[in-house]
Amino acid sequence: MITSLLRSGYLQTGVGISDLVEWFVASVALVVVVTLLYVYVLGRSPPPEGLTEAKLEMQEQQIVAIDVSPIISEANLALSKGDLRQAVELSVRAVSLTLSQILRAKGADPANMNVSDMAYIIQSRSPGSPDITQPAYQLNLLHLKIERGESVTPQEAEWSLNTASWFARLESNA
């Protein structure tokens with residue numbers, strides 16, 4: 001088709017206005033056809049794997065603030081009843097939820113991480129923020145102590161509760 005157009009005198013280069021208009025119209029038509037072809041192919045192709053900017057934005061919009069104050073209240077009640085193990089477990093749960101929420105806001109997946117791991121990743125992505133790694137590490141050690149069946153002192157349980165409250169305040173101020 002193009003060769004027949006060239007032989008018949010259409011789309012010949014020239015210096016006249018009509019020749020330039022023909023080339024301009026042909027160029028615009030070619031750009032439109034290529035663009036439509038590109039849009040068609042792009043619409044048929046599967047989305048890219050992994051995290052994309054659009055997926056990160058969608059994750060940020062889906063993040064719902066988790067209120068850990070009921071968990072901290074439960075931990076406080078368990079502490080007042082003398083159930084030290086339950087107080088520590090609930091404190092660790094509150095910190096874990098708080099850190100998970102912060103990680104998701106930063107585009108990371110907190111699946112299968114303990115509080116110490118999450119705190120380390122958050123700290124490495126937020127230079128200049130308060131050091132959260134040491135309290136998270138100590139809380140994780142206390143949690144492991146309970147998992148091994150060892151007893152905890154009332155001071156350790158109270159410390160875990162205070163640490164959970166501190167993490168919750170940090171997250172709400174962020």
# chains A, B, ... in the order shown; residues from 1 in each chain; ligands from 1
>>> residues_around(residues="segment 77-80 of chain A", least_positions_apart="6", cutoff="8 Å", atoms="only C-alpha atoms", output="list of chain:residue names")
A:Gln86, A:Ala87, A:Pro154, A:Ala157, A:Glu158
>>> write_last_selection(atoms="N, CA, C and O atoms", output="PDB file, in the first residue's frame")
ATOM      1  N   GLN A  86       0.361 -13.223  80.997  1.00  0.00           N
ATOM      2  CA  GLN A  86      -0.646 -12.630  80.110  1.00  0.00           C
ATOM      3  C   GLN A  86      -0.348 -11.152  79.881  1.00  0.00           C
ATOM      4  O   GLN A  86      -0.514 -10.658  78.752  1.00  0.00           O
ATOM      5  N   ALA A  87       0.093 -10.456  80.900  1.00  0.00           N
ATOM      6  CA  ALA A  87       0.422  -9.031  80.754  1.00  0.00           C
ATOM      7  C   ALA A  87       1.550  -8.838  79.742  1.00  0.00           C
ATOM      8  O   ALA A  87       1.491  -7.947  78.886  1.00  0.00           O
ATOM      9  N   PRO A 154       7.186  -9.251  88.565  1.00  0.00           N
ATOM     10  CA  PRO A 154       6.217  -8.162  88.394  1.00  0.00           C
ATOM     11  C   PRO A 154       6.850  -6.923  87.757  1.00  0.00           C
ATOM     12  O   PRO A 154       6.201  -6.215  86.988  1.00  0.00           O
ATOM     13  N   ALA A 157       7.021  -7.500  83.996  1.00  0.00           N
ATOM     14  CA  ALA A 157       5.693  -7.376  83.399  1.00  0.00           C
ATOM     15  C   ALA A 157       5.265  -5.920  83.329  1.00  0.00           C
ATOM     16  O   ALA A 157       4.711  -5.465  82.319  1.00  0.00           O
ATOM     17  N   GLU A 158       5.554  -5.172  84.398  1.00  0.00           N
ATOM     18  CA  GLU A 158       5.217  -3.742  84.402  1.00  0.00           C
ATOM     19  C   GLU A 158       6.047  -2.992  83.361  1.00  0.00           C
ATOM     20  O   GLU A 158       5.540  -2.122  82.654  1.00  0.00           O
TER      21      GLU A 158
END
>>> atom_distance(atom1="atom CA of Gln101 of chain A", atom2="atom CA of Ala136 of chain A")
15.1 Å
>>> atom_distance(atom1="atom CA of Glu147 of chain A", atom2="atom CA of Ser91 of chain A")
14.2 Å
>>> residues_around(residues="Asn76 of chain A", least_positions_apart="2", cutoff="12 Å", atoms="only C-alpha atoms", output="short mmCIF file (atom, residue, chain, number, x, y, z; two decimals) with N, CA and C atoms, in the first residue's frame")
data_model
loop_
_atom_site.label_atom_id
_atom_site.label_comp_id
_atom_site.auth_asym_id
_atom_site.auth_seq_id
_atom_site.Cartn_x
_atom_site.Cartn_y
_atom_site.Cartn_z
N SER A 69 -4.96 0.56 72.35
CA SER A 69 -5.27 0.89 73.75
C SER A 69 -6.13 -0.18 74.44
N PRO A 70 -7.07 -0.84 73.75
CA PRO A 70 -7.79 -1.93 74.44
C PRO A 70 -6.86 -3.08 74.84
N ILE A 71 -5.89 -3.38 74.01
CA ILE A 71 -4.94 -4.45 74.33
C ILE A 71 -4.09 -4.04 75.53
N ILE A 72 -3.65 -2.79 75.54
CA ILE A 72 -2.85 -2.29 76.67
C ILE A 72 -3.70 -2.28 77.94
N SER A 73 -4.97 -1.94 77.82
CA SER A 73 -5.86 -1.98 78.99
C SER A 73 -6.01 -3.40 79.52
N GLU A 74 -6.14 -4.35 78.59
CA GLU A 74 -6.21 -5.77 78.99
C GLU A 74 -4.93 -6.20 79.69
N ALA A 78 -4.55 -7.60 83.44
CA ALA A 78 -3.86 -8.86 83.74
C ALA A 78 -2.75 -8.63 84.76
N LEU A 79 -2.05 -7.53 84.65
CA LEU A 79 -0.99 -7.20 85.61
C LEU A 79 -1.57 -6.98 87.00
N SER A 80 -2.68 -6.26 87.06
CA SER A 80 -3.30 -5.99 88.37
C SER A 80 -3.85 -7.27 89.01
N LYS A 81 -4.23 -8.26 88.18
CA LYS A 81 -4.72 -9.54 88.70
C LYS A 81 -3.57 -10.49 89.03
N GLY A 82 -2.34 -10.12 88.67
CA GLY A 82 -1.19 -10.97 88.96
C GLY A 82 -0.87 -11.96 87.84
N ASP A 83 -1.55 -11.87 86.72
CA ASP A 83 -1.26 -12.75 85.59
C ASP A 83 -0.15 -12.10 84.76
N LEU A 84 1.09 -12.31 85.22
CA LEU A 84 2.23 -11.62 84.63
C LEU A 84 2.51 -12.10 83.21
N ARG A 85 2.35 -13.39 83.00
CA ARG A 85 2.59 -13.93 81.64
C ARG A 85 1.63 -13.31 80.63
N GLN A 86 0.36 -13.22 81.00
CA GLN A 86 -0.65 -12.63 80.11
C GLN A 86 -0.35 -11.15 79.88
N ALA A 87 0.09 -10.46 80.90
CA ALA A 87 0.42 -9.03 80.75
C ALA A 87 1.55 -8.84 79.74
N VAL A 88 2.57 -9.69 79.82
CA VAL A 88 3.69 -9.59 78.88
C VAL A 88 3.24 -9.96 77.48
N GLU A 89 2.46 -11.04 77.35
CA GLU A 89 1.97 -11.47 76.03
C GLU A 89 1.16 -10.37 75.36
N LEU A 90 0.26 -9.75 76.11
CA LEU A 90 -0.56 -8.68 75.55
C LEU A 90 0.27 -7.45 75.21
N SER A 91 1.27 -7.16 76.02
CA SER A 91 2.15 -6.03 75.73
C SER A 91 2.92 -6.27 74.44
N ALA A 94 0.58 -5.78 71.52
CA ALA A 94 0.33 -4.37 71.23
C ALA A 94 1.50 -3.75 70.49
N PRO A 154 7.19 -9.25 88.56
CA PRO A 154 6.22 -8.16 88.39
C PRO A 154 6.85 -6.92 87.76
N ALA A 157 7.02 -7.50 84.00
CA ALA A 157 5.69 -7.38 83.40
C ALA A 157 5.26 -5.92 83.33
N GLU A 158 5.55 -5.17 84.40
CA GLU A 158 5.22 -3.74 84.40
C GLU A 158 6.05 -2.99 83.36
N TRP A 159 7.31 -3.36 83.23
CA TRP A 159 8.16 -2.74 82.22
C TRP A 159 7.62 -3.01 80.82
N SER A 160 7.17 -4.25 80.57
CA SER A 160 6.64 -4.57 79.25
C SER A 160 5.39 -3.75 78.95
N LEU A 161 4.56 -3.55 79.95
CA LEU A 161 3.36 -2.73 79.79
C LEU A 161 3.72 -1.28 79.49
N ASN A 162 4.68 -0.74 80.25
CA ASN A 162 5.13 0.63 80.02
C ASN A 162 5.76 0.79 78.64
N ALA A 164 5.01 -1.02 75.96
CA ALA A 164 3.92 -1.06 74.99
C ALA A 164 3.22 0.30 74.91
N SER A 165 3.00 0.91 76.06
CA SER A 165 2.37 2.25 76.08
C SER A 165 3.27 3.27 75.39
#
>>> atom_distance(atom1="atom CA of Val95 of chain A", atom2="atom CA of Ala119 of chain A")
9.7 Å
